[in-house]
>>> print(open('upload.txt').read())   # compact mmCIF, C-alpha atoms
# COMPACT_ATOMS: atom_id res chain seq x y z
CA MET A 92 -28.35 -29.27 6.72
CA PHE A 93 -26.41 -26.10 7.51
CA ASN A 94 -23.10 -26.08 9.26
CA TRP A 95 -23.57 -23.35 11.83
CA LEU A 96 -20.08 -23.79 13.20
CA LYS A 97 -17.96 -22.02 10.65
CA ARG A 98 -14.27 -21.57 11.13
CA PRO A 99 -13.38 -17.93 11.56
CA LYS A 100 -11.65 -16.42 8.58
CA GLN A 101 -8.06 -15.52 9.31
CA MET A 102 -7.62 -11.77 9.03
CA HIS A 103 -4.37 -10.06 8.13
CA SER A 104 -3.47 -6.42 8.25
CA PRO A 105 -2.85 -4.95 4.80
CA LEU A 106 0.65 -4.10 3.62
CA MET A 107 1.66 -0.56 4.53
CA VAL A 108 4.72 1.12 3.04
CA THR A 109 5.79 4.47 4.46
CA TYR A 110 9.07 6.31 4.63
CA ASP A 111 11.05 9.05 6.24
CA PHE A 112 14.53 10.42 5.92
CA VAL A 113 17.45 10.82 8.31
CA VAL A 114 20.87 12.43 7.92
CA LEU A 115 23.63 10.58 9.77
CA PRO A 116 26.47 12.46 11.55
CA SER A 117 28.69 11.37 8.64
CA GLY A 118 26.42 13.37 6.31
CA ILE A 119 24.94 10.30 4.62
CA ARG A 120 21.26 10.79 3.75
CA VAL A 121 19.29 7.61 4.53
CA LEU A 122 15.87 6.72 3.21
CA ARG A 123 14.08 4.67 5.88
CA LEU A 124 11.40 2.55 4.21
CA TYR A 125 8.97 1.03 6.72
CA CYS A 126 7.08 -2.07 5.55
CA SER A 127 4.44 -3.54 7.85
CA GLY A 128 1.46 -5.81 7.62
CA TYR A 129 0.91 -9.00 5.68
CA TYR A 130 2.91 -10.04 2.62
CA PRO A 131 1.05 -12.97 0.96
CA PRO A 132 3.10 -16.09 0.22
CA GLY A 133 4.38 -17.06 -3.22
CA SER A 134 3.18 -15.31 -6.35
CA ALA A 135 0.26 -13.80 -4.41
CA GLY A 136 2.85 -11.42 -2.94
CA ASN A 137 4.25 -10.23 -6.27
CA SER A 138 2.13 -7.08 -6.35
CA HIS A 139 3.21 -6.33 -2.78
CA ALA A 140 6.87 -6.67 -3.77
CA ARG A 141 6.25 -4.31 -6.68
CA GLN A 142 4.55 -1.83 -4.31
CA ILE A 143 7.58 -1.84 -1.97
CA TYR A 144 10.02 -1.52 -4.89
CA GLU A 145 8.18 1.31 -6.66
CA THR A 146 7.43 3.23 -3.46
CA GLY A 147 11.07 2.87 -2.44
CA ALA A 148 12.33 4.15 -5.79
CA GLU A 149 9.96 7.14 -5.72
CA ALA A 150 10.97 7.96 -2.14
CA PHE A 151 14.65 7.53 -2.98
CA LEU A 152 14.37 10.13 -5.73
CA ALA A 153 12.19 12.47 -3.65
CA THR A 154 14.64 12.47 -0.74
CA ASP A 155 17.87 12.43 -2.81
CA ALA A 156 19.09 9.65 -0.53
CA ASP A 157 22.58 8.15 -0.38
CA ALA A 158 21.45 4.89 1.25
CA VAL A 159 18.40 2.74 1.96
CA LEU A 160 17.28 1.22 5.24
CA LEU A 161 14.52 -1.37 4.81
CA ASP A 162 12.63 -1.74 8.06
CA PHE A 163 10.80 -5.09 8.00
CA ARG A 164 10.39 -5.40 11.80
CA HIS A 165 6.59 -5.40 11.47
CA LEU A 166 6.30 -7.29 8.19
CA ASP A 167 4.52 -10.65 8.28
CA TYR A 168 6.43 -12.48 5.53
CA ILE A 169 6.78 -16.26 5.17
CA TRP A 170 7.69 -16.80 1.52
CA GLY A 171 7.88 -15.06 -1.84
CA ASP A 172 10.92 -14.57 -4.05
CA ASP A 173 9.97 -11.16 -5.41
CA LEU A 174 10.55 -9.44 -2.07
CA CYS A 175 14.24 -9.42 -3.03
CA MET A 176 13.37 -6.59 -5.47
CA ALA A 177 13.35 -4.30 -2.43
CA PHE A 178 17.07 -4.97 -1.95
CA ASP A 179 17.65 -3.39 -5.38
CA ILE A 180 15.80 -0.09 -4.92
CA PRO A 181 18.95 1.92 -5.75
CA LEU A 182 19.18 -0.02 -9.04
CA HIS A 183 15.60 0.83 -10.11
CA GLU A 184 15.47 2.17 -13.68
CA SER A 185 14.53 5.65 -12.41
CA VAL A 186 17.37 5.72 -9.87
CA ARG A 187 20.35 3.74 -11.24
CA ARG A 188 22.72 4.20 -8.29
CA ASP A 189 24.92 1.17 -7.69
CA ASP A 190 27.00 2.95 -5.05
CA CYS A 191 24.31 3.09 -2.33
CA PRO A 192 24.56 1.06 0.86
CA THR A 193 21.44 -0.86 1.82
CA ALA A 194 20.62 -2.44 5.18
CA ILE A 195 17.64 -4.47 6.38
CA ILE A 196 16.09 -4.65 9.84
CA VAL A 197 14.20 -7.88 10.49
CA GLY A 198 11.58 -8.88 13.02
CA PRO A 199 10.23 -12.16 14.35
CA LYS A 200 7.60 -12.55 11.59
CA CYS A 201 10.08 -12.34 8.73
CA GLU A 202 13.57 -13.31 9.87
CA GLU A 203 13.50 -16.98 8.87
CA ALA A 204 11.90 -16.34 5.48
CA LEU A 205 14.35 -13.53 4.68
CA LYS A 206 17.25 -15.73 5.74
CA THR A 207 16.07 -18.43 3.35
CA LEU A 208 15.52 -15.91 0.54
CA ILE A 209 19.02 -14.47 0.93
CA GLU A 210 20.74 -17.83 1.33
CA ASP A 211 18.92 -19.29 -1.70
CA GLY A 212 20.38 -16.38 -3.65
CA GLY A 213 23.87 -17.42 -2.58
CA GLY A 214 24.33 -14.87 0.22
CA ASN A 215 24.28 -14.79 3.99
CA LEU A 216 22.64 -12.45 6.49
CA GLN A 217 25.84 -10.68 7.52
CA ASP A 218 26.95 -9.92 3.95
CA ALA A 219 23.39 -8.79 3.13
CA ASN A 220 23.55 -6.24 5.98
CA VAL A 221 20.64 -7.75 7.92
CA PHE A 222 20.15 -6.56 11.50
CA TRP A 223 17.71 -6.83 14.40
CA ASP A 224 18.00 -3.18 15.45
CA GLU A 225 18.16 0.22 13.80
CA PRO A 226 21.35 1.56 15.45
CA SER A 227 23.40 -1.39 14.15
CA ALA A 228 21.92 -1.02 10.66
CA LEU A 229 22.62 2.73 10.56
CA GLU A 230 26.16 2.13 11.84
CA ARG A 231 26.79 -0.28 8.94
CA ILE A 232 25.31 2.18 6.43
CA SER A 233 27.53 4.94 7.82
CA ARG A 234 30.63 2.74 7.62
CA ASP A 235 29.82 1.47 4.11
CA GLY A 236 28.88 4.94 2.88
CA THR A 237 32.03 6.53 4.30
CA LYS A 238 34.15 3.80 2.73
CA ARG A 239 32.47 4.37 -0.67
CA SER A 240 32.92 8.15 -0.39
CA SER A 241 36.64 7.65 0.27
CA GLN A 242 36.93 5.34 -2.76
CA ILE A 243 35.13 7.84 -5.02
CA THR A 244 37.33 10.71 -3.79
CA ALA A 245 40.45 8.62 -4.42
CA GLN A 246 39.27 7.78 -7.96
CA GLU A 247 38.54 11.42 -8.71
CA GLU A 248 41.98 12.49 -7.47
CA GLY A 249 43.75 9.62 -9.27
>>> encode(input="upload.txt", output="structure tokens")
Amino acid sequence: MFNWLKRPKQMHSPLMVTYDFVVLPSGIRVLRLYCSGYYPPGSAGNSHARQIYETGAEAFLATDADAVLLDFRHLDYIWGDDLCMAFDIPLHESVRRDDCPTAIIVGPKCEEALKTLIEDGGGNLQDANVFWDEPSALERISRDGTKRSSQITAQEEG
């Protein structure tokens, strides 16, 4: 006997990673990396994490950025440790810039999972520069970038 009443298959939009570039009034060049769509849970998301990380590193080099803004507002993410690789785009082997501010914008489909990921790593959302809106995130990048520029100038003069 056939079961004619099949449950509909749940459909997810594929992961999309795009970017653009903005220069803040302070002169800081910010790579804005937009990640949207579905990030599969657990190890099924590892290739997605790698895609975000590699695309971010390539874009960082192409734009000669000073900072990274990860826009996850439209990312459907519930679990997967490798997403934290995105936080380290400036440390990618092709970039190697440990002086770059990074900020993250969250949305309703990823906030709780990102909070857990960051807290499990020993951090908290405020220290990790996590925001709900772009103006606040860019303000933090500007402040952190200006502070770093002042420290570098002082070291060069000293």
>>> closest_residue(input="upload.txt", among="A:Glu210, A:Asp224, A:Gly198, A:Ala156", to="Val186 (chain A)", atoms="all atoms listed in the file")
A:Ala156
>>> closest_residue(input="upload.txt", among="A:Gly171, A:Gly128, A:His139, A:Glu184", to="Phe151 (chain A)", atoms="only C-alpha atoms")
A:Glu184
>>> atom_distance(input="upload.txt", atom1="CA of Phe222 (chain A)", atom2="CA of Ile195 (chain A)")
6.1 Å
>>> residues_around(input="upload.txt", residues="Arg188 (chain A)", least_positions_apart="4", cutoff="12 Å", atoms="only C-alpha atoms", output="PyMOL selection string")
chain A and resi 148+151-152+155-159+179-184+192-193
>>> residues_around(input="upload.txt", residues="Gly133 (chain A)", least_positions_apart="4", cutoff="12 Å", atoms="only C-alpha atoms", output="list in words")
Asn137, Ser138, His139, Ala140, Tyr168, Ile169, Trp170, Gly171, Asp172, Asp173, Leu174, Ala204 and Leu208 of chain A
>>> closest_residue(input="upload.txt", among="A:Glu149, A:Glu230, A:Asp189, A:Glu202", to="Leu115 (chain A)", atoms="all atoms listed in the file")
A:Glu230
>>> closest_residue(input="upload.txt", among="A:Leu161, A:Thr109, A:Gly118, A:Arg123", to="Thr146 (chain A)", atoms="all atoms listed in the file")
A:Thr109
>>> atom_distance(input="upload.txt", atom1="CA of Arg141 (chain A)", atom2="CA of Met176 (chain A)")
7.6 Å
>>> decode(input="upload.txt", residues="region 113-160 of chain A", atoms="N, CA and C atoms", output="mmCIF file, in the first residue's frame")
data_model
loop_
_atom_site.group_PDB
_atom_site.id
_atom_site.type_symbol
_atom_site.label_atom_id
_atom_site.label_comp_id
_atom_site.auth_asym_id
_atom_site.auth_seq_id
_atom_site.Cartn_x
_atom_site.Cartn_y
_atom_site.Cartn_z
ATOM 1 N N VAL A 113 32.968 50.007 2.266
ATOM 2 C CA VAL A 113 32.586 51.368 2.642
ATOM 3 C C VAL A 113 33.772 52.024 3.350
ATOM 4 N N VAL A 114 33.934 53.319 3.107
ATOM 5 C CA VAL A 114 34.963 54.087 3.810
ATOM 6 C C VAL A 114 34.251 54.965 4.829
ATOM 7 N N LEU A 115 34.620 54.822 6.098
ATOM 8 C CA LEU A 115 34.007 55.600 7.164
ATOM 9 C C LEU A 115 34.582 57.013 7.173
ATOM 10 N N PRO A 116 33.888 57.977 7.792
ATOM 11 C CA PRO A 116 34.425 59.343 7.879
ATOM 12 C C PRO A 116 35.821 59.395 8.511
ATOM 13 N N SER A 117 36.119 58.424 9.362
ATOM 14 C CA SER A 117 37.440 58.362 9.999
ATOM 15 C C SER A 117 38.522 57.884 9.033
ATOM 16 N N GLY A 118 38.118 57.452 7.823
ATOM 17 C CA GLY A 118 39.071 56.963 6.835
ATOM 18 C C GLY A 118 39.266 55.454 6.869
ATOM 19 N N ILE A 119 38.638 54.782 7.811
ATOM 20 C CA ILE A 119 38.762 53.329 7.925
ATOM 21 C C ILE A 119 37.978 52.665 6.798
ATOM 22 N N ARG A 120 38.645 51.752 6.096
ATOM 23 C CA ARG A 120 38.030 51.017 4.981
ATOM 24 C C ARG A 120 37.451 49.713 5.534
ATOM 25 N N VAL A 121 36.131 49.551 5.381
ATOM 26 C CA VAL A 121 35.429 48.411 5.976
ATOM 27 C C VAL A 121 34.909 47.474 4.893
ATOM 28 N N LEU A 122 35.299 46.219 4.995
ATOM 29 C CA LEU A 122 34.716 45.165 4.171
ATOM 30 C C LEU A 122 33.414 44.748 4.832
ATOM 31 N N ARG A 123 32.296 44.862 4.110
ATOM 32 C CA ARG A 123 31.009 44.381 4.611
ATOM 33 C C ARG A 123 30.721 43.058 3.914
ATOM 34 N N LEU A 124 30.727 41.983 4.701
ATOM 35 C CA LEU A 124 30.490 40.639 4.180
ATOM 36 C C LEU A 124 29.071 40.227 4.566
ATOM 37 N N TYR A 125 28.215 40.067 3.562
ATOM 38 C CA TYR A 125 26.810 39.717 3.779
ATOM 39 C C TYR A 125 26.639 38.205 3.631
ATOM 40 N N CYS A 126 26.139 37.561 4.667
ATOM 41 C CA CYS A 126 25.886 36.115 4.636
ATOM 42 C C CYS A 126 24.397 35.900 4.865
ATOM 43 N N SER A 127 23.752 35.234 3.914
ATOM 44 C CA SER A 127 22.315 34.988 4.038
ATOM 45 C C SER A 127 22.012 33.570 3.592
ATOM 46 N N GLY A 128 20.826 33.117 3.977
ATOM 47 C CA GLY A 128 20.411 31.773 3.615
ATOM 48 C C GLY A 128 20.621 30.805 4.762
ATOM 49 N N TYR A 129 20.662 29.551 4.422
ATOM 50 C CA TYR A 129 20.689 28.471 5.411
ATOM 51 C C TYR A 129 22.108 27.956 5.647
ATOM 52 N N TYR A 130 22.482 27.882 6.911
ATOM 53 C CA TYR A 130 23.750 27.304 7.340
ATOM 54 C C TYR A 130 23.402 25.994 8.042
ATOM 55 N N PRO A 131 23.711 24.831 7.458
ATOM 56 C CA PRO A 131 23.311 23.554 8.062
ATOM 57 C C PRO A 131 23.941 23.345 9.447
ATOM 58 N N PRO A 132 23.236 22.663 10.332
ATOM 59 C CA PRO A 132 23.759 22.450 11.682
ATOM 60 C C PRO A 132 24.927 21.467 11.727
ATOM 61 N N GLY A 133 25.752 21.633 12.767
ATOM 62 C CA GLY A 133 26.848 20.705 13.030
ATOM 63 C C GLY A 133 27.866 20.653 11.914
ATOM 64 N N SER A 134 28.453 19.488 11.726
ATOM 65 C CA SER A 134 29.512 19.327 10.728
ATOM 66 C C SER A 134 28.993 19.481 9.297
ATOM 67 N N ALA A 135 27.690 19.397 9.097
ATOM 68 C CA ALA A 135 27.132 19.624 7.758
ATOM 69 C C ALA A 135 27.352 21.066 7.305
ATOM 70 N N GLY A 136 27.617 21.963 8.252
ATOM 71 C CA GLY A 136 27.866 23.366 7.922
ATOM 72 C C GLY A 136 29.333 23.708 7.723
ATOM 73 N N ASN A 137 30.221 22.734 7.897
ATOM 74 C CA ASN A 137 31.653 23.036 7.800
ATOM 75 C C ASN A 137 32.054 23.636 6.456
ATOM 76 N N SER A 138 31.513 23.115 5.369
ATOM 77 C CA SER A 138 31.866 23.661 4.054
ATOM 78 C C SER A 138 31.310 25.081 3.893
ATOM 79 N N HIS A 139 30.205 25.366 4.543
ATOM 80 C CA HIS A 139 29.634 26.711 4.501
ATOM 81 C C HIS A 139 30.535 27.683 5.270
ATOM 82 N N ALA A 140 31.033 27.238 6.419
ATOM 83 C CA ALA A 140 31.956 28.066 7.193
ATOM 84 C C ALA A 140 33.212 28.364 6.381
ATOM 85 N N ARG A 141 33.719 27.351 5.708
ATOM 86 C CA ARG A 141 34.906 27.522 4.871
ATOM 87 C C ARG A 141 34.624 28.504 3.735
ATOM 88 N N GLN A 142 33.412 28.430 3.146
ATOM 89 C CA GLN A 142 33.040 29.345 2.067
ATOM 90 C C GLN A 142 33.037 30.795 2.567
ATOM 91 N N ILE A 143 32.464 31.024 3.735
ATOM 92 C CA ILE A 143 32.423 32.374 4.316
ATOM 93 C C ILE A 143 33.848 32.861 4.590
ATOM 94 N N TYR A 144 34.661 32.009 5.191
ATOM 95 C CA TYR A 144 36.037 32.357 5.568
ATOM 96 C C TYR A 144 36.891 32.673 4.342
ATOM 97 N N GLU A 145 36.846 31.815 3.342
ATOM 98 C CA GLU A 145 37.664 32.011 2.138
ATOM 99 C C GLU A 145 37.181 33.212 1.327
ATOM 100 N N THR A 146 35.874 33.354 1.163
ATOM 101 C CA THR A 146 35.338 34.510 0.444
ATOM 102 C C THR A 146 35.713 35.799 1.172
ATOM 103 N N GLY A 147 35.601 35.782 2.489
ATOM 104 C CA GLY A 147 35.972 36.959 3.282
ATOM 105 C C GLY A 147 37.435 37.322 3.127
ATOM 106 N N ALA A 148 38.315 36.334 3.144
ATOM 107 C CA ALA A 148 39.747 36.598 2.998
ATOM 108 C C ALA A 148 40.058 37.156 1.608
ATOM 109 N N GLU A 149 39.457 36.569 0.578
ATOM 110 C CA GLU A 149 39.665 37.068 -0.790
ATOM 111 C C GLU A 149 39.164 38.505 -0.926
ATOM 112 N N ALA A 150 37.995 38.783 -0.376
ATOM 113 C CA ALA A 150 37.416 40.124 -0.442
ATOM 114 C C ALA A 150 38.251 41.109 0.362
ATOM 115 N N PHE A 151 38.752 40.673 1.491
ATOM 116 C CA PHE A 151 39.589 41.525 2.336
ATOM 117 C C PHE A 151 40.820 41.982 1.560
ATOM 118 N N LEU A 152 41.461 41.053 0.885
ATOM 119 C CA LEU A 152 42.642 41.393 0.087
ATOM 120 C C LEU A 152 42.267 42.272 -1.107
ATOM 121 N N ALA A 153 41.166 41.952 -1.769
ATOM 122 C CA ALA A 153 40.757 42.696 -2.963
ATOM 123 C C ALA A 153 40.395 44.142 -2.642
ATOM 124 N N THR A 154 39.861 44.380 -1.457
ATOM 125 C CA THR A 154 39.416 45.723 -1.082
ATOM 126 C C THR A 154 40.441 46.474 -0.238
ATOM 127 N N ASP A 155 41.522 45.809 0.150
ATOM 128 C CA ASP A 155 42.543 46.413 1.021
ATOM 129 C C ASP A 155 41.895 47.022 2.263
ATOM 130 N N ALA A 156 41.031 46.244 2.891
ATOM 131 C CA ALA A 156 40.240 46.718 4.027
ATOM 132 C C ALA A 156 41.082 46.882 5.288
ATOM 133 N N ASP A 157 40.552 47.709 6.191
ATOM 134 C CA ASP A 157 41.140 47.905 7.516
ATOM 135 C C ASP A 157 40.324 47.202 8.587
ATOM 136 N N ALA A 158 39.090 46.793 8.236
ATOM 137 C CA ALA A 158 38.170 46.206 9.212
ATOM 138 C C ALA A 158 37.167 45.315 8.484
ATOM 139 N N VAL A 159 36.495 44.463 9.273
ATOM 140 C CA VAL A 159 35.501 43.541 8.714
ATOM 141 C C VAL A 159 34.189 43.696 9.467
ATOM 142 N N LEU A 160 33.105 43.819 8.702
ATOM 143 C CA LEU A 160 31.763 43.807 9.258
ATOM 144 C C LEU A 160 31.055 42.575 8.708
#
